[in-house]
Amino acid sequence: MSTEIDRLSELAKEDPKRRFFSIAHLITPERMYAAFLRLRKDASGGVDGVTYEQYEKDAARNIRELHRRLKDGKYRAQPLRRVYFPKENGKQRPISIPSLEDKLVQKVVVEILNAIYEQDFIDCCVLQKYTDKEVMMT
């Protein structure tokens, strides 16, 4: 985790009621590239059909362009590609597949928001693990 994200976590932990009004500056091309490397390489393409391998061929330029669109307020999420898988009971299960760029933007935003909101749940989760372990021992 980066120093900026660590600091964001510290601030959120210090004051749980703190409001963060500007976190967009944390979405950087470097953070976006790191998130891109963590995407599933074998995932299906979205409605635009772009796969990881295709995007990777010129990832640095693609990510710079995506970052510019985000910064300029011109980025728009694409429609989801809808796919249906058969279920055992004969019905079909719908799956929505976002485009690769949408997955990338989501991953970066989740990383930043997790740094803020995980602080609200960390103690709760630790307490729950302790309670579960204590119950198992009795």
# chains A, B, ... in the order shown; residues from 1 in each chain; ligands from 1
call {"tool": "select_by_dssp", "arguments": {"residues": "segment 56-119 of chain A", "states": "alpha helix (DSSP H)", "output": "ChimeraX atom specification"}}
result
/A:56,59-72,100-119
call {"tool": "write_last_selection", "arguments": {"atoms": "N, CA and C atoms", "output": "mmCIF file, in the first residue's frame"}}
result
data_model
loop_
_atom_site.group_PDB
_atom_site.id
_atom_site.type_symbol
_atom_site.label_atom_id
_atom_site.label_comp_id
_atom_site.auth_asym_id
_atom_site.auth_seq_id
_atom_site.Cartn_x
_atom_site.Cartn_y
_atom_site.Cartn_z
ATOM 1 N N GLU A 56 -3.284 -4.835 -22.776
ATOM 2 C CA GLU A 56 -1.909 -4.904 -22.295
ATOM 3 C C GLU A 56 -0.897 -4.505 -23.374
ATOM 4 N N ALA A 59 -0.688 -0.822 -22.757
ATOM 5 C CA ALA A 59 -1.286 -0.517 -21.450
ATOM 6 C C ALA A 59 -0.917 0.881 -20.957
ATOM 7 N N ALA A 60 0.337 1.259 -21.072
ATOM 8 C CA ALA A 60 0.767 2.568 -20.551
ATOM 9 C C ALA A 60 -0.022 3.701 -21.212
ATOM 10 N N ARG A 61 -0.146 3.665 -22.534
ATOM 11 C CA ARG A 61 -0.895 4.705 -23.251
ATOM 12 C C ARG A 61 -2.379 4.614 -22.929
ATOM 13 N N ASN A 62 -2.924 3.395 -22.911
ATOM 14 C CA ASN A 62 -4.344 3.213 -22.609
ATOM 15 C C ASN A 62 -4.691 3.764 -21.224
ATOM 16 N N ILE A 63 -3.836 3.495 -20.259
ATOM 17 C CA ILE A 63 -4.088 3.948 -18.887
ATOM 18 C C ILE A 63 -3.941 5.460 -18.775
ATOM 19 N N ARG A 64 -2.949 6.034 -19.450
ATOM 20 C CA ARG A 64 -2.817 7.504 -19.455
ATOM 21 C C ARG A 64 -4.064 8.154 -20.036
ATOM 22 N N GLU A 65 -4.572 7.589 -21.130
ATOM 23 C CA GLU A 65 -5.775 8.112 -21.776
ATOM 24 C C GLU A 65 -6.997 7.966 -20.859
ATOM 25 N N LEU A 66 -7.126 6.815 -20.225
ATOM 26 C CA LEU A 66 -8.227 6.591 -19.289
ATOM 27 C C LEU A 66 -8.136 7.578 -18.124
ATOM 28 N N HIS A 67 -6.941 7.781 -17.602
ATOM 29 C CA HIS A 67 -6.741 8.729 -16.504
ATOM 30 C C HIS A 67 -7.117 10.145 -16.931
ATOM 31 N N ARG A 68 -6.738 10.529 -18.137
ATOM 32 C CA ARG A 68 -7.084 11.859 -18.652
ATOM 33 C C ARG A 68 -8.601 12.024 -18.739
ATOM 34 N N ARG A 69 -9.306 10.986 -19.232
ATOM 35 C CA ARG A 69 -10.770 11.055 -19.311
ATOM 36 C C ARG A 69 -11.398 11.167 -17.917
ATOM 37 N N LEU A 70 -10.850 10.435 -16.963
ATOM 38 C CA LEU A 70 -11.348 10.534 -15.589
ATOM 39 C C LEU A 70 -11.153 11.942 -15.048
ATOM 40 N N LYS A 71 -9.948 12.465 -15.223
ATOM 41 C CA LYS A 71 -9.589 13.779 -14.709
ATOM 42 C C LYS A 71 -10.419 14.889 -15.350
ATOM 43 N N ASP A 72 -10.689 14.741 -16.644
ATOM 44 C CA ASP A 72 -11.464 15.749 -17.373
ATOM 45 C C ASP A 72 -12.978 15.591 -17.194
ATOM 46 N N LEU A 100 -13.210 -3.872 -19.555
ATOM 47 C CA LEU A 100 -11.944 -3.912 -18.841
ATOM 48 C C LEU A 100 -11.642 -2.569 -18.176
ATOM 49 N N GLU A 101 -11.885 -1.474 -18.883
ATOM 50 C CA GLU A 101 -11.623 -0.160 -18.287
ATOM 51 C C GLU A 101 -12.529 0.094 -17.085
ATOM 52 N N ASP A 102 -13.774 -0.359 -17.152
ATOM 53 C CA ASP A 102 -14.673 -0.198 -16.009
ATOM 54 C C ASP A 102 -14.167 -1.011 -14.815
ATOM 55 N N LYS A 103 -13.695 -2.221 -15.073
ATOM 56 C CA LYS A 103 -13.127 -3.050 -13.999
ATOM 57 C C LYS A 103 -11.921 -2.351 -13.376
ATOM 58 N N LEU A 104 -11.115 -1.752 -14.216
ATOM 59 C CA LEU A 104 -9.908 -1.062 -13.757
ATOM 60 C C LEU A 104 -10.260 0.128 -12.868
ATOM 61 N N VAL A 105 -11.188 0.949 -13.305
ATOM 62 C CA VAL A 105 -11.604 2.112 -12.517
ATOM 63 C C VAL A 105 -12.217 1.643 -11.193
ATOM 64 N N GLN A 106 -13.048 0.622 -11.249
ATOM 65 C CA GLN A 106 -13.663 0.091 -10.030
ATOM 66 C C GLN A 106 -12.607 -0.390 -9.043
ATOM 67 N N LYS A 107 -11.592 -1.089 -9.543
ATOM 68 C CA LYS A 107 -10.543 -1.634 -8.673
ATOM 69 C C LYS A 107 -9.781 -0.518 -7.962
ATOM 70 N N VAL A 108 -9.450 0.537 -8.678
ATOM 71 C CA VAL A 108 -8.716 1.662 -8.093
ATOM 72 C C VAL A 108 -9.574 2.370 -7.045
ATOM 73 N N VAL A 109 -10.821 2.607 -7.360
ATOM 74 C CA VAL A 109 -11.712 3.301 -6.426
ATOM 75 C C VAL A 109 -11.950 2.442 -5.179
ATOM 76 N N VAL A 110 -12.108 1.142 -5.357
ATOM 77 C CA VAL A 110 -12.297 0.242 -4.212
ATOM 78 C C VAL A 110 -11.088 0.284 -3.293
ATOM 79 N N GLU A 111 -9.891 0.301 -3.856
ATOM 80 C CA GLU A 111 -8.679 0.370 -3.032
ATOM 81 C C GLU A 111 -8.685 1.616 -2.145
ATOM 82 N N ILE A 112 -9.067 2.740 -2.718
ATOM 83 C CA ILE A 112 -9.079 3.998 -1.975
ATOM 84 C C ILE A 112 -10.197 3.993 -0.919
ATOM 85 N N LEU A 113 -11.386 3.562 -1.313
ATOM 86 C CA LEU A 113 -12.498 3.547 -0.369
ATOM 87 C C LEU A 113 -12.283 2.524 0.747
ATOM 88 N N ASN A 114 -11.651 1.404 0.440
ATOM 89 C CA ASN A 114 -11.333 0.418 1.479
ATOM 90 C C ASN A 114 -10.433 1.018 2.546
ATOM 91 N N ALA A 115 -9.490 1.845 2.132
ATOM 92 C CA ALA A 115 -8.578 2.473 3.094
ATOM 93 C C ALA A 115 -9.363 3.319 4.103
ATOM 94 N N ILE A 116 -10.458 3.895 3.652
ATOM 95 C CA ILE A 116 -11.276 4.726 4.539
ATOM 96 C C ILE A 116 -12.219 3.858 5.376
ATOM 97 N N TYR A 117 -12.981 3.008 4.727
ATOM 98 C CA TYR A 117 -14.066 2.318 5.419
ATOM 99 C C TYR A 117 -13.650 1.057 6.157
ATOM 100 N N GLU A 118 -12.534 0.447 5.800
ATOM 101 C CA GLU A 118 -12.079 -0.730 6.546
ATOM 102 C C GLU A 118 -11.818 -0.386 8.002
ATOM 103 N N GLN A 119 -11.447 0.843 8.269
ATOM 104 C CA GLN A 119 -11.158 1.266 9.642
ATOM 105 C C GLN A 119 -12.384 1.128 10.542
#
call {"tool": "select_by_dssp", "arguments": {"residues": "chain A", "states": "strand (DSSP E or B)", "output": "number ranges by chain"}}
result
A: 81-86, 92-97
call {"tool": "atom_distance", "arguments": {"atom1": "atom CA of Leu39 of chain A", "atom2": "atom CA of Tyr52 of chain A"}}
result
8.1 Å
call {"tool": "residues_around", "arguments": {"residues": "Lys13 of chain A", "least_positions_apart": "2", "cutoff": "8 Å", "atoms": "only C-alpha atoms", "output": "number ranges by chain"}}
result
A: 9-11, 15-16, 116, 119-120
call {"tool": "closest_residue", "arguments": {"among": "A:Arg81, A:Thr3, A:Leu8, A:Ser22", "to": "Val50 of chain A", "atoms": "only C-alpha atoms"}}
result
A:Arg81
call {"tool": "atom_distance", "arguments": {"atom1": "atom CA of Leu80 of chain A", "atom2": "atom CA of Arg38 of chain A"}}
result
20.7 Å
call {"tool": "closest_residue", "arguments": {"among": "A:Glu4, A:Asp48, A:Ser96, A:Asp58", "to": "Arg31 of chain A", "atoms": "only C-alpha atoms"}}
result
A:Glu4
call {"tool": "atom_distance", "arguments": {"atom1": "atom CA of Gln92 of chain A", "atom2": "atom CA of Gly45 of chain A"}}
result
20.5 Å
call {"tool": "residues_around", "arguments": {"residues": "Arg82 of chain A", "least_positions_apart": "6", "cutoff": "8 Å", "atoms": "only C-alpha atoms", "output": "PyMOL selection string"}}
result
chain A and resi 94-97
call {"tool": "decode", "arguments": {"residues": "segment 43-61 of chain A", "atoms": "N, CA and C atoms", "output": "PDB file, in the first residue's frame"}}
result
ATOM      1  N   ALA A  43     -10.154 -13.087 -17.869  1.00  0.00           N
ATOM      2  CA  ALA A  43     -11.553 -12.653 -17.798  1.00  0.00           C
ATOM      3  C   ALA A  43     -12.093 -12.308 -19.185  1.00  0.00           C
ATOM      4  N   SER A  44     -13.385 -12.488 -19.352  1.00  0.00           N
ATOM      5  CA  SER A  44     -14.040 -12.148 -20.616  1.00  0.00           C
ATOM      6  C   SER A  44     -14.059 -10.642 -20.818  1.00  0.00           C
ATOM      7  N   GLY A  45     -14.084 -10.247 -22.077  1.00  0.00           N
ATOM      8  CA  GLY A  45     -14.200  -8.832 -22.404  1.00  0.00           C
ATOM      9  C   GLY A  45     -15.624  -8.355 -22.190  1.00  0.00           C
ATOM     10  N   GLY A  46     -15.785  -7.080 -21.978  1.00  0.00           N
ATOM     11  CA  GLY A  46     -17.112  -6.495 -21.789  1.00  0.00           C
ATOM     12  C   GLY A  46     -17.810  -6.277 -23.113  1.00  0.00           C
ATOM     13  N   VAL A  47     -18.734  -5.345 -23.141  1.00  0.00           N
ATOM     14  CA  VAL A  47     -19.519  -5.068 -24.333  1.00  0.00           C
ATOM     15  C   VAL A  47     -18.627  -4.603 -25.484  1.00  0.00           C
ATOM     16  N   ASP A  48     -17.487  -3.994 -25.167  1.00  0.00           N
ATOM     17  CA  ASP A  48     -16.556  -3.536 -26.203  1.00  0.00           C
ATOM     18  C   ASP A  48     -15.663  -4.662 -26.721  1.00  0.00           C
ATOM     19  N   GLY A  49     -15.674  -5.816 -26.047  1.00  0.00           N
ATOM     20  CA  GLY A  49     -14.895  -6.973 -26.488  1.00  0.00           C
ATOM     21  C   GLY A  49     -13.408  -6.901 -26.185  1.00  0.00           C
ATOM     22  N   VAL A  50     -12.948  -5.864 -25.511  1.00  0.00           N
ATOM     23  CA  VAL A  50     -11.517  -5.706 -25.228  1.00  0.00           C
ATOM     24  C   VAL A  50     -11.100  -6.652 -24.106  1.00  0.00           C
ATOM     25  N   THR A  51     -10.079  -7.452 -24.365  1.00  0.00           N
ATOM     26  CA  THR A  51      -9.560  -8.396 -23.384  1.00  0.00           C
ATOM     27  C   THR A  51      -8.306  -7.833 -22.727  1.00  0.00           C
ATOM     28  N   TYR A  52      -7.865  -8.492 -21.674  1.00  0.00           N
ATOM     29  CA  TYR A  52      -6.649  -8.083 -20.958  1.00  0.00           C
ATOM     30  C   TYR A  52      -5.460  -8.059 -21.923  1.00  0.00           C
ATOM     31  N   GLU A  53      -5.329  -9.113 -22.719  1.00  0.00           N
ATOM     32  CA  GLU A  53      -4.197  -9.209 -23.640  1.00  0.00           C
ATOM     33  C   GLU A  53      -4.183  -8.064 -24.639  1.00  0.00           C
ATOM     34  N   GLN A  54      -5.348  -7.695 -25.143  1.00  0.00           N
ATOM     35  CA  GLN A  54      -5.428  -6.588 -26.104  1.00  0.00           C
ATOM     36  C   GLN A  54      -5.062  -5.263 -25.434  1.00  0.00           C
ATOM     37  N   TYR A  55      -5.578  -5.030 -24.251  1.00  0.00           N
ATOM     38  CA  TYR A  55      -5.322  -3.782 -23.527  1.00  0.00           C
ATOM     39  C   TYR A  55      -3.859  -3.697 -23.113  1.00  0.00           C
ATOM     40  N   GLU A  56      -3.284  -4.835 -22.776  1.00  0.00           N
ATOM     41  CA  GLU A  56      -1.909  -4.904 -22.295  1.00  0.00           C
ATOM     42  C   GLU A  56      -0.897  -4.505 -23.374  1.00  0.00           C
ATOM     43  N   LYS A  57      -1.238  -4.685 -24.634  1.00  0.00           N
ATOM     44  CA  LYS A  57      -0.311  -4.378 -25.727  1.00  0.00           C
ATOM     45  C   LYS A  57       0.148  -2.923 -25.702  1.00  0.00           C
ATOM     46  N   ASP A  58      -0.730  -2.028 -25.269  1.00  0.00           N
ATOM     47  CA  ASP A  58      -0.364  -0.612 -25.145  1.00  0.00           C
ATOM     48  C   ASP A  58      -0.924  -0.072 -23.829  1.00  0.00           C
ATOM     49  N   ALA A  59      -0.688  -0.822 -22.757  1.00  0.00           N
ATOM     50  CA  ALA A  59      -1.286  -0.517 -21.450  1.00  0.00           C
ATOM     51  C   ALA A  59      -0.917   0.881 -20.957  1.00  0.00           C
ATOM     52  N   ALA A  60       0.337   1.259 -21.072  1.00  0.00           N
ATOM     53  CA  ALA A  60       0.767   2.568 -20.551  1.00  0.00           C
ATOM     54  C   ALA A  60      -0.022   3.701 -21.212  1.00  0.00           C
ATOM     55  N   ARG A  61      -0.146   3.665 -22.534  1.00  0.00           N
ATOM     56  CA  ARG A  61      -0.895   4.705 -23.251  1.00  0.00           C
ATOM     57  C   ARG A  61      -2.379   4.614 -22.929  1.00  0.00           C
TER      58      ARG A  61
END
